[in-house]
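Student: I am sharing model-v3.cif, which consists of mmCIF, C-alpha atoms and all ligand atoms:
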data_work
loop_
_atom_site.label_atom_id
_atom_site.label_comp_id
_atom_site.auth_asym_id
_atom_site.auth_seq_id
_atom_site.Cartn_x
_atom_site.Cartn_y
_atom_site.Cartn_z
CA MET J 1 19.38 -13.91 10.52
CA ARG J 2 19.48 -12.69 6.92
CA GLY J 3 18.16 -9.25 5.87
CA ALA J 4 17.98 -7.48 2.49
CA VAL J 5 19.33 -3.93 2.67
CA PHE J 6 18.72 -1.12 0.16
CA LEU J 7 22.08 0.58 -0.39
CA GLY J 8 20.66 3.18 -2.82
CA ASN J 9 21.35 3.59 -6.55
CA ARG J 10 19.68 0.23 -7.35
CA LYS J 11 21.87 -1.86 -5.02
CA VAL J 12 20.31 -4.49 -2.74
CA GLU J 13 22.52 -6.66 -0.54
CA LEU J 14 21.71 -9.69 1.59
CA ARG J 15 23.51 -9.24 4.92
CA THR J 16 23.73 -11.17 8.17
CA PHE J 17 22.37 -9.60 11.37
CA PRO J 18 22.08 -10.86 14.94
CA ASP J 19 18.65 -12.40 15.62
CA PRO J 20 16.52 -9.69 17.29
CA ALA J 21 15.66 -10.02 21.01
CA PRO J 22 12.40 -8.34 22.10
CA GLY J 23 12.63 -5.48 24.62
CA PRO J 24 9.82 -4.31 26.94
CA GLY J 25 6.48 -4.17 25.10
CA GLU J 26 7.96 -5.77 21.99
CA VAL J 27 7.45 -9.00 20.06
CA VAL J 28 9.45 -10.83 17.41
CA ILE J 29 7.67 -12.00 14.27
CA GLU J 30 9.07 -14.86 12.21
CA MET J 31 8.48 -13.64 8.67
CA LYS J 32 6.29 -15.74 6.38
CA ALA J 33 5.75 -13.16 3.63
CA SER J 34 7.12 -9.68 2.91
CA GLY J 35 5.66 -7.65 0.06
CA MET J 36 7.36 -5.37 -2.44
CA CYS J 37 5.57 -1.99 -2.55
CA GLY J 38 5.83 0.83 -5.09
CA SER J 39 7.47 3.14 -2.56
CA ASP J 40 10.25 0.55 -2.09
CA LEU J 41 11.23 1.34 -5.68
CA LYS J 42 11.80 4.97 -4.65
CA PHE J 43 14.20 3.81 -1.90
CA TYR J 44 15.79 1.29 -4.29
CA ARG J 45 16.41 3.75 -7.13
CA SER J 46 17.54 6.91 -5.32
CA PRO J 47 20.87 7.72 -3.63
CA PRO J 48 21.01 6.50 0.01
CA GLY J 49 18.42 8.31 2.17
CA ALA J 50 17.25 10.69 -0.59
CA ALA J 51 13.82 9.09 -1.16
CA GLN J 52 13.08 8.96 2.58
CA ALA J 53 13.82 12.69 2.84
CA ALA J 54 11.77 13.49 -0.30
CA LEU J 55 8.75 11.61 1.10
CA GLY J 56 9.00 13.48 4.40
CA LEU J 57 10.01 10.40 6.40
CA GLY J 58 13.32 11.67 7.76
CA ASN J 59 16.78 10.63 6.68
CA SER J 60 19.14 8.95 9.11
CA GLY J 61 21.55 8.07 6.30
CA GLU J 62 21.90 4.58 7.78
CA PRO J 63 20.88 1.64 5.56
CA PHE J 64 18.10 -0.50 7.03
CA ILE J 65 16.60 -3.85 6.13
CA GLY J 66 13.86 -3.04 3.60
CA GLY J 67 10.27 -4.22 3.37
CA HIS J 68 7.26 -2.48 4.92
CA GLU J 69 4.61 -5.14 4.18
CA PRO J 70 5.51 -7.70 6.88
CA CYS J 71 3.40 -10.75 7.69
CA GLY J 72 4.25 -13.80 9.81
CA VAL J 73 3.83 -15.49 13.18
CA VAL J 74 4.70 -14.42 16.73
CA VAL J 75 7.73 -16.33 18.06
CA ALA J 76 8.96 -14.27 21.04
CA ARG J 77 7.59 -11.77 23.57
CA GLY J 78 9.47 -9.16 25.55
CA PRO J 79 8.89 -8.17 29.20
CA GLY J 80 5.36 -6.87 29.81
CA VAL J 81 3.79 -8.69 26.86
CA SER J 82 1.45 -11.46 27.98
CA GLU J 83 0.78 -14.76 26.21
CA ARG J 84 -2.86 -13.65 25.85
CA GLU J 85 -1.86 -10.48 23.95
CA ALA J 86 0.49 -12.23 21.53
CA PRO J 87 0.20 -16.02 21.67
CA ASP J 88 3.02 -18.14 20.22
CA GLY J 89 2.32 -18.83 16.57
CA GLN J 90 -0.32 -16.10 16.23
CA ARG J 91 -0.74 -15.15 12.54
CA VAL J 92 -0.15 -11.42 12.25
CA MET J 93 0.36 -8.54 9.86
CA ASP J 94 2.39 -5.59 11.05
CA HIS J 95 1.09 -2.00 10.96
CA HIS J 96 4.53 -0.82 9.91
CA TYR J 97 4.77 2.38 12.00
CA ALA J 98 5.53 3.29 15.60
CA GLY J 99 4.93 6.64 17.30
CA CYS J 100 4.95 7.76 20.94
CA GLY J 101 2.11 5.36 21.77
CA THR J 102 0.27 7.79 24.04
CA CYS J 103 -0.99 10.74 21.90
CA PRO J 104 -4.51 10.71 20.37
CA HIS J 105 -3.23 9.70 16.91
CA CYS J 106 -1.30 6.74 18.34
CA ARG J 107 -4.19 5.66 20.59
CA LEU J 108 -6.55 5.72 17.59
CA GLY J 109 -4.19 3.38 15.71
CA TRP J 110 -2.90 6.13 13.41
CA SER J 111 0.67 6.09 14.80
CA GLN J 112 2.05 7.32 11.44
CA LEU J 113 0.45 10.70 12.26
CA CYS J 114 2.23 10.99 15.63
CA ARG J 115 3.84 14.40 15.98
CA ALA J 116 6.50 13.18 18.41
CA GLY J 117 8.31 11.52 15.48
CA ILE J 118 7.70 8.17 13.84
CA THR J 119 9.52 4.98 13.01
CA VAL J 120 8.65 3.39 9.67
CA TYR J 121 9.70 -0.27 9.59
CA GLY J 122 11.56 -1.05 6.38
CA VAL J 123 12.26 2.66 5.81
CA THR J 124 13.73 4.25 8.97
CA ALA J 125 14.18 0.99 10.95
CA HIS J 126 14.66 -2.68 10.05
CA GLY J 127 11.73 -4.07 8.05
CA GLY J 128 10.28 -7.31 6.79
CA HIS J 129 12.80 -8.44 4.15
CA ALA J 130 14.44 -10.57 6.86
CA ASP J 131 13.95 -13.84 8.71
CA TYR J 132 12.71 -12.00 11.83
CA LEU J 133 11.23 -8.60 12.66
CA LYS J 134 11.12 -6.96 16.11
CA VAL J 135 8.20 -4.54 16.63
CA PRO J 136 6.05 -3.09 19.44
CA LEU J 137 3.07 -5.28 20.41
CA ARG J 138 0.63 -2.52 19.49
CA THR J 139 1.69 -2.69 15.81
CA LEU J 140 0.31 -6.23 15.41
CA VAL J 141 -2.87 -6.74 13.39
CA ALA J 142 -4.48 -10.20 13.36
CA LEU J 143 -4.42 -12.02 10.01
CA PRO J 144 -7.70 -13.89 9.36
CA GLU J 145 -7.32 -17.69 8.95
CA GLU J 146 -8.84 -17.43 5.48
CA LEU J 147 -6.04 -15.22 4.12
CA SER J 148 -2.56 -16.44 3.15
CA PHE J 149 0.54 -14.74 4.56
CA ALA J 150 1.24 -13.31 1.08
CA GLU J 151 -2.23 -11.74 0.98
CA GLY J 152 -1.63 -10.36 4.48
CA ALA J 153 1.60 -8.78 3.24
CA ALA J 154 -0.32 -7.00 0.44
CA VAL J 155 -2.89 -5.69 2.94
CA ALA J 156 -0.03 -4.37 5.13
CA CYS J 157 0.59 -1.49 2.70
CA GLY J 158 -0.50 -1.44 -0.96
CA THR J 159 -3.94 -3.06 -0.78
CA GLY J 160 -4.75 -1.49 2.60
CA THR J 161 -3.89 1.93 1.14
CA ALA J 162 -6.37 1.42 -1.71
CA TYR J 163 -9.04 0.24 0.75
CA ALA J 164 -8.63 3.17 3.15
CA ALA J 165 -8.86 5.72 0.32
CA LEU J 166 -12.03 4.17 -1.14
CA ARG J 167 -13.51 4.05 2.36
CA ARG J 168 -12.75 7.77 2.85
CA MET J 169 -14.40 8.46 -0.54
CA ARG J 170 -17.47 6.47 0.54
CA ILE J 171 -17.52 4.32 -2.58
CA ALA J 172 -20.79 2.42 -2.89
CA GLY J 173 -23.11 0.75 -5.38
CA GLY J 174 -24.27 3.26 -7.98
CA ASP J 175 -20.90 5.03 -8.16
CA THR J 176 -18.78 5.11 -11.26
CA LEU J 177 -15.17 5.12 -10.05
CA ALA J 178 -12.12 5.94 -12.21
CA VAL J 179 -8.83 4.45 -11.00
CA PHE J 180 -5.74 6.12 -12.45
CA GLY J 181 -2.75 3.74 -12.50
CA GLN J 182 -3.03 -0.04 -12.38
CA GLY J 183 0.06 -0.92 -10.36
CA PRO J 184 -0.39 -3.00 -7.17
CA VAL J 185 -2.32 -0.19 -5.40
CA GLY J 186 -4.46 0.71 -8.44
CA LEU J 187 -5.29 -2.93 -9.20
CA SER J 188 -6.26 -3.36 -5.54
CA ALA J 189 -8.50 -0.28 -5.85
CA THR J 190 -10.09 -1.78 -8.96
CA MET J 191 -10.97 -5.11 -7.30
CA LEU J 192 -12.02 -3.47 -4.01
CA GLY J 193 -14.12 -0.85 -5.83
CA VAL J 194 -15.89 -3.63 -7.74
CA ALA J 195 -16.51 -5.48 -4.45
CA MET J 196 -17.95 -2.27 -2.96
CA GLY J 197 -20.45 -2.23 -5.83
CA ALA J 198 -18.97 0.50 -8.03
CA ARG J 199 -18.67 0.47 -11.80
CA VAL J 200 -14.89 0.81 -12.19
CA ILE J 201 -13.01 2.35 -15.11
CA ALA J 202 -9.31 1.43 -15.00
CA ILE J 203 -6.66 3.67 -16.58
CA ASP J 204 -3.04 2.77 -17.34
CA VAL J 205 -0.53 3.13 -20.18
CA GLY J 206 0.48 -0.55 -19.82
CA ALA J 207 -1.55 -3.04 -21.90
CA GLU J 208 -0.85 -5.93 -19.48
CA ARG J 209 -1.90 -3.81 -16.51
CA ARG J 210 -5.14 -2.81 -18.27
CA GLN J 211 -5.73 -6.48 -19.03
CA LEU J 212 -5.36 -7.34 -15.33
CA GLY J 213 -7.70 -4.46 -14.41
CA GLN J 214 -10.30 -5.93 -16.72
CA GLU J 215 -9.80 -9.41 -15.25
CA PHE J 216 -10.33 -7.94 -11.77
CA GLY J 217 -13.73 -6.58 -12.78
CA ALA J 218 -13.18 -3.18 -14.44
CA ASP J 219 -16.18 -2.32 -16.62
CA ALA J 220 -13.97 -0.38 -19.06
CA VAL J 221 -10.28 0.41 -19.48
CA ILE J 222 -8.58 3.48 -20.96
CA ASP J 223 -5.05 3.88 -22.33
CA PRO J 224 -4.09 7.49 -21.53
CA GLY J 225 -1.25 7.39 -24.07
CA GLY J 226 -2.45 9.49 -27.01
CA THR J 227 -6.05 9.61 -25.67
CA ASP J 228 -7.88 12.51 -24.05
CA VAL J 229 -8.68 10.66 -20.80
CA VAL J 230 -11.09 13.32 -19.53
CA ALA J 231 -13.10 13.17 -22.78
CA ALA J 232 -13.03 9.37 -22.73
CA LEU J 233 -14.33 9.27 -19.13
CA LYS J 234 -17.08 11.79 -19.93
CA ALA J 235 -18.09 9.74 -22.97
CA LEU J 236 -18.51 6.74 -20.64
CA THR J 237 -20.69 8.75 -18.19
CA ASP J 238 -23.24 10.57 -20.42
CA GLY J 239 -21.01 13.64 -20.45
CA GLU J 240 -21.29 14.15 -16.68
CA GLY J 241 -17.98 12.78 -15.46
CA VAL J 242 -17.33 10.01 -12.93
CA ASP J 243 -18.72 10.13 -9.37
CA ALA J 244 -15.29 9.49 -7.90
CA ALA J 245 -11.71 9.27 -9.16
CA LEU J 246 -8.66 7.89 -7.36
CA ASP J 247 -5.11 8.64 -8.45
CA CYS J 248 -2.72 5.78 -7.65
CA SER J 249 -0.09 6.82 -10.21
CA GLY J 250 1.42 9.92 -8.59
CA HIS J 251 1.64 11.43 -12.09
CA PRO J 252 0.79 15.18 -12.33
CA ASP J 253 -1.26 14.69 -15.54
CA ALA J 254 -3.27 11.87 -13.95
CA ARG J 255 -4.03 13.98 -10.86
CA LEU J 256 -5.29 16.83 -13.02
CA ALA J 257 -7.31 14.48 -15.24
CA ALA J 258 -8.82 12.85 -12.13
CA ALA J 259 -10.19 16.22 -10.98
CA ARG J 260 -11.34 17.30 -14.46
CA ALA J 261 -13.09 14.00 -15.19
CA THR J 262 -15.05 14.02 -11.92
CA ARG J 263 -18.65 15.26 -11.96
CA THR J 264 -20.05 18.20 -10.01
CA TRP J 265 -20.20 17.31 -6.26
CA GLY J 266 -17.85 14.37 -6.96
CA ARG J 267 -14.96 13.03 -4.86
CA VAL J 268 -11.30 12.84 -5.82
CA GLY J 269 -8.69 10.81 -3.94
CA PHE J 270 -4.89 10.97 -4.06
CA VAL J 271 -2.71 8.11 -2.79
CA GLY J 272 0.17 8.14 -5.32
CA GLU J 273 3.33 9.42 -3.58
CA GLY J 274 5.69 12.20 -4.62
CA ASN J 275 5.55 14.68 -7.51
CA GLN J 276 3.37 17.79 -7.84
CA VAL J 277 0.17 18.95 -9.52
CA THR J 278 -1.10 22.33 -10.71
CA PHE J 279 -4.82 23.09 -10.72
CA ASP J 280 -6.67 25.94 -12.31
CA VAL J 281 -8.54 26.21 -9.04
CA SER J 282 -11.79 27.94 -10.06
CA PRO J 283 -12.79 25.81 -13.07
CA ASP J 284 -11.08 22.57 -11.95
CA LEU J 285 -12.24 22.50 -8.32
CA LEU J 286 -14.46 25.34 -7.01
CA ARG J 287 -17.02 25.59 -9.81
CA ARG J 288 -17.76 21.88 -9.48
CA GLN J 289 -17.87 21.60 -5.68
CA LEU J 290 -15.25 18.82 -5.60
CA THR J 291 -14.11 17.10 -2.43
CA LEU J 292 -10.44 16.16 -2.45
CA HIS J 293 -9.25 13.33 -0.19
CA ALA J 294 -5.52 13.12 0.49
CA SER J 295 -5.04 9.65 1.94
CA TRP J 296 -1.91 8.14 3.52
CA THR J 297 -2.17 4.42 4.29
CA PHE J 298 -4.57 3.39 7.14
CA SER J 299 -4.95 2.83 10.87
CA THR J 300 -4.49 -0.54 12.64
CA LEU J 301 -8.29 -0.93 12.83
CA ILE J 302 -8.82 -0.12 9.14
CA GLN J 303 -6.05 -2.61 8.28
CA GLU J 304 -7.98 -5.28 10.17
CA GLU J 305 -11.24 -4.17 8.54
CA CYS J 306 -9.63 -4.37 5.08
CA ALA J 307 -8.51 -7.98 5.70
CA ARG J 308 -12.03 -8.93 6.88
CA PHE J 309 -13.62 -7.18 3.87
CA ILE J 310 -11.40 -9.18 1.49
CA VAL J 311 -12.51 -12.43 3.16
CA LYS J 312 -16.22 -11.55 3.35
CA ARG J 313 -16.46 -10.20 -0.19
CA ARG J 314 -14.17 -12.85 -1.72
CA VAL J 315 -11.91 -10.20 -3.27
CA PRO J 316 -9.52 -12.02 -5.66
CA LEU J 317 -6.39 -10.58 -3.98
CA LYS J 318 -4.44 -13.84 -4.54
CA ARG J 319 -4.48 -13.18 -8.27
CA LEU J 320 -2.68 -9.86 -7.79
CA LEU J 321 0.34 -11.76 -6.36
CA THR J 322 1.98 -12.66 -9.65
CA HIS J 323 5.62 -12.97 -8.53
CA ARG J 324 6.96 -14.98 -5.57
CA PHE J 325 10.62 -14.82 -4.56
CA ARG J 326 12.93 -16.26 -1.91
CA LEU J 327 14.83 -13.73 0.19
CA ALA J 328 18.11 -14.92 -1.37
CA GLN J 329 16.75 -13.58 -4.70
CA ALA J 330 16.31 -10.05 -3.33
CA ALA J 331 18.67 -8.35 -5.80
CA GLU J 332 17.10 -10.17 -8.75
CA ALA J 333 13.57 -9.51 -7.48
CA TYR J 334 14.09 -5.75 -7.28
CA ARG J 335 15.86 -5.69 -10.65
CA LEU J 336 12.75 -7.27 -12.15
CA PHE J 337 10.33 -5.04 -10.19
CA ASP J 338 12.27 -1.98 -11.41
CA THR J 339 11.63 -2.79 -15.08
CA GLN J 340 8.78 -5.29 -15.35
CA THR J 341 5.89 -3.91 -13.39
CA THR J 342 2.68 -5.87 -13.94
CA GLY J 343 1.13 -7.49 -10.86
CA LYS J 344 2.82 -7.64 -7.46
CA GLY J 345 5.90 -9.37 -6.03
CA VAL J 346 6.24 -10.88 -2.58
CA PHE J 347 9.04 -12.66 -0.71
CA VAL J 348 7.86 -15.92 0.84
CA PHE J 349 9.58 -17.90 3.63
CA ASP J 350 9.13 -21.47 4.78
ZN ZN T 401 1.95 9.55 19.28
ZN ZN T 402 4.02 0.91 0.76
#
How does the structure come out when it is put into structure tokens?
Tutor:
Amino acid sequence: MRGAVFLGNRKVELRTFPDPAPGPGEVVIEMKASGMCGSDLKFYRSPPGAAQAALGLGNSGEPFIGGHEPCGVVVARGPGVSEREAPDGQRVMDHHYAGCGTCPHCRLGWSQLCRAGITVYGVTAHGGHADYLKVPLRTLVALPEELSFAEGAAVACGTGTAYAALRRMRIAGGDTLAVFGQGPVGLSATMLGVAMGARVIAIDVGAERRQLGQEFGADAVIDPGGTDVVAALKALTDGEGVDAALDCSGHPDARLAAARATRTWGRVGFVGEGNQVTFDVSPDLLRRQLTLHASWTFSTLIQEECARFIVKRRVPLKRLLTHRFRLAQAAEAYRLFDTQTTGKGVFVFD
């Protein structure tokens, strides 16, 4: 089979690998779609292994097939996996982590929190930018009939991450929600927040990204370049501040603005990876009784719930998928993603 490997320093190479054979408890997925996520850019841009180490995901130094938003159909089962558990042709997303499988975190479907050490497919083991992917049975999450494979790929990291954070923040009708950053995760948060009933204010320096945010239902947009974002958000909320703010940018200034623009008793969420932030703790946090949610992706059950929510609430996720590539275009696709960053790219397979 073919697989696209991140070699570091902006090099992606299509290599040939033996087709995977499933071991005990494992299945092989024939890939139908594999998304490009913001954190892939960190692996793409940095020297080999450096981004993995910086994100706290370990660093084996060995290059793996990239892609941690895998979606496809079951084509092979290993020993101990029954036809009932993973029928041939079953449409599945992959929850792209594996832990020990027996600790409370793993049994709750939060295997990425396993303290025995984790595998992250596409980061510390072969991922979805390939014709086939071998994973444990328990990582499979059913893809609803109503969703395309490309939409399933988006749910498998970026969109699912936005959903899980908004769920933690208990976003509901009546809330005004500020979303900092309108990349694939932020745009997902905008459309999901709207579907949850919130009035969404979308913030990004990119005019095209703000435009997309507006198309996905944002009530107002703000360009933080040369604007006092906190003042602008207060002006839009009778001087009180927003009920909830989610940072999807990972930018220190955005994180600080998210806290400062949130009203007393409000909720702040962080999903953007990397970087730092400095708070003036008393005025920025304590005096206003803020709740801060640090959110890393989602469990298998929340992944499934996110997919169902998108179907039930007719979330326009398809419109986020602006760029489709073939696997053979992997180098070109990441070159484009590195520089031109409006919407979301996904590899599709026949
Ligand atoms: Zn575990
Ligand atoms: Zn991701």
Student: Would you list the residues that come within 12 Å of ligand ZN 402 (chain T)? Count all atoms listed in the file and give the answer as a CSV table (one decimal) with C-alpha atoms, in the frame of the given file.
Tutor:
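Final file, part_37.csv:
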chain,number,residue,atom,x,y,z
J,34,SER,CA,7.1,-9.7,2.9
J,35,GLY,CA,5.7,-7.6,0.1
J,36,MET,CA,7.4,-5.4,-2.4
J,37,CYS,CA,5.6,-2.0,-2.6
J,38,GLY,CA,5.8,0.8,-5.1
J,39,SER,CA,7.5,3.1,-2.6
J,40,ASP,CA,10.2,0.6,-2.1
J,41,LEU,CA,11.2,1.3,-5.7
J,42,LYS,CA,11.8,5.0,-4.6
J,43,PHE,CA,14.2,3.8,-1.9
J,55,LEU,CA,8.8,11.6,1.1
J,66,GLY,CA,13.9,-3.0,3.6
J,67,GLY,CA,10.3,-4.2,3.4
J,68,HIS,CA,7.3,-2.5,4.9
J,69,GLU,CA,4.6,-5.1,4.2
J,70,PRO,CA,5.5,-7.7,6.9
J,95,HIS,CA,1.1,-2.0,11.0
J,96,HIS,CA,4.5,-0.8,9.9
J,97,TYR,CA,4.8,2.4,12.0
J,120,VAL,CA,8.6,3.4,9.7
J,121,TYR,CA,9.7,-0.3,9.6
J,122,GLY,CA,11.6,-1.0,6.4
J,123,VAL,CA,12.3,2.7,5.8
J,127,GLY,CA,11.7,-4.1,8.0
J,128,GLY,CA,10.3,-7.3,6.8
J,153,ALA,CA,1.6,-8.8,3.2
J,154,ALA,CA,-0.3,-7.0,0.4
J,155,VAL,CA,-2.9,-5.7,2.9
J,156,ALA,CA,0.0,-4.4,5.1
J,157,CYS,CA,0.6,-1.5,2.7
J,158,GLY,CA,-0.5,-1.4,-1.0
J,159,THR,CA,-3.9,-3.1,-0.8
J,160,GLY,CA,-4.8,-1.5,2.6
J,161,THR,CA,-3.9,1.9,1.1
J,162,ALA,CA,-6.4,1.4,-1.7
J,183,GLY,CA,0.1,-0.9,-10.4
J,184,PRO,CA,-0.4,-3.0,-7.2
J,185,VAL,CA,-2.3,-0.2,-5.4
J,248,CYS,CA,-2.7,5.8,-7.6
J,271,VAL,CA,-2.7,8.1,-2.8
J,272,GLY,CA,0.2,8.1,-5.3
J,273,GLU,CA,3.3,9.4,-3.6
J,296,TRP,CA,-1.9,8.1,3.5
J,297,THR,CA,-2.2,4.4,4.3
J,298,PHE,CA,-4.6,3.4,7.1
J,344,LYS,CA,2.8,-7.6,-7.5
Student: When the cut-off is 9 Å and you count only C-alpha atoms and all ligand atoms, which residues lie near ligand ZN 401 (chain T), shown as a VMD selection string?
Tutor: chain J and resid 98 to 107 110 to 118
Student: Please indicate the distance in Å from atom CA of His129 of chain J to atom CA of Gly345 of chain J, rounded to one decimal place.
Tutor: 12.3 Å
Student: Would you mind telling me which residue in J:Gln276, J:Thr16, J:Ser46, J:Thr300 lies nearest to Ala142 of chain J when using all atoms listed in the file?
Tutor: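 So, comparing all the options, the nearest one is J:Thr300.
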Student: Report as a tab-separated table the residues of segment 118-208 of chain J within 7 Å of segment 309-332 of chain J, each with its shortest atom pair and distance in Å (one decimal), using all atoms listed in the file, ordered by chain and increasing residue number.
Tutor:
residue	atom	partner	partner_atom	distance
J:His129	CA	J:Leu327	CA	6.9
J:Glu146	CA	J:Val311	CA	6.6
J:Glu151	CA	J:Lys318	CA	6.3
J:Met191	CA	J:Val315	CA	6.6
J:Leu192	CA	J:Val315	CA	6.8
J:Ala195	CA	J:Arg313	CA	6.4
Student: Expressed in Å to a single decimal, how great is the separation between atom CA of Gly80 of chain J and atom CA of Gly25 of chain J?
Tutor: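 Those two atoms sit 5.5 Å apart.
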Student: So which residues are close to (8.1, -17.2, 3.1), meaning at most 7 Å away in the file's coordinates with all atoms listed in the file counted, and can you show them as a PDB file with C-alpha atoms, in the frame of the given file?
Tutor:
ATOM      1  CA  MET J  31       8.480 -13.640   8.670  1.00  0.00           C
ATOM      2  CA  LYS J  32       6.290 -15.740   6.380  1.00  0.00           C
ATOM      3  CA  ALA J  33       5.750 -13.160   3.630  1.00  0.00           C
ATOM      4  CA  PHE J 347       9.040 -12.660  -0.710  1.00  0.00           C
ATOM      5  CA  VAL J 348       7.860 -15.920   0.840  1.00  0.00           C
ATOM      6  CA  PHE J 349       9.580 -17.900   3.630  1.00  0.00           C
ATOM      7  CA  ASP J 350       9.130 -21.470   4.780  1.00  0.00           C
TER       8      ASP J 350
END
Student: May I have the residues within 12 Å of Ala220 of chain J as a list of chain:residue names, using all atoms listed in the file and disregarding those fewer than 6 positions away in the same chain?
Tutor: J:Thr176, J:Leu177, J:Ala178, J:Val179, J:Thr190, J:Val194, J:Arg199, J:Val200, J:Ile201, J:Ala202, J:Ile203, J:Asp204, J:Arg210, J:Gln211, J:Leu212, J:Gly213, J:Gln214, J:Ala232, J:Leu233, J:Ala235, J:Leu236, J:Thr237
Student: When you count all atoms listed in the file, which of these residues is closest to Glu13 of chain J: J:Tyr334, J:Leu137, J:Gly174, J:Gly343?
Tutor: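 Looking at the shortest contact to Glu13 of chain J, the residue is J:Tyr334.
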Student: For a quick check of understanding, using all atoms listed in the file, which of J:Thr124, J:Ala254, J:Ile65, J:Glu305 has the smallest distance to Leu14 of chain J?
Tutor: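 Answer, going by the shortest atom-to-atom distance: J:Ile65.
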Student: Separation of atom CA of Phe180 of chain J and atom CA of Leu143 of chain J, in Å?
Tutor: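 That distance, rounded to one decimal, is 28.9 Å.
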Student: Determine the nearest neighbour of Pro87 of chain J from the options J:Gly239, J:Thr139, J:Val74, J:Gly8, counting all atoms listed in the file.
Tutor: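 The answer is J:Val74, which sits nearest to Pro87 of chain J.
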Student: Would you please work out which residue, of J:Val221, J:Leu133, J:Val277, J:Val73, is nearest to Ala21 of chain J when using only C-alpha atoms?
Tutor: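 For Ala21 of chain J, the nearest of the given residues is J:Leu133.
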Student: What are the centre and edge lengths in Å, to one decimal, of the axis-aligned box around all listed atoms of segment 118-134 of chain J with 6 Å added on each side, as AutoDock Vina command-line options?
Tutor:
--center_x 11.2 --center_y -2.8 --center_z 10.1 --size_x 19.0 --size_y 34.0 --size_z 24.0
Student: Identify which of the residues J:Val75, J:Leu7, J:Leu286, J:Leu166 lies closest to Pro47 of chain J, counting all atoms listed in the file when measuring atom-to-atom distances.
Tutor: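 Answer, going by the shortest atom-to-atom distance: J:Leu7.
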Student: As number ranges by chain, please: the residues near Ile302 of chain J (cut-off 9 Å, only C-alpha atoms, same-chain neighbours under 4 positions excluded).
Tutor: J: 109, 160, 163-164, 298, 306-307
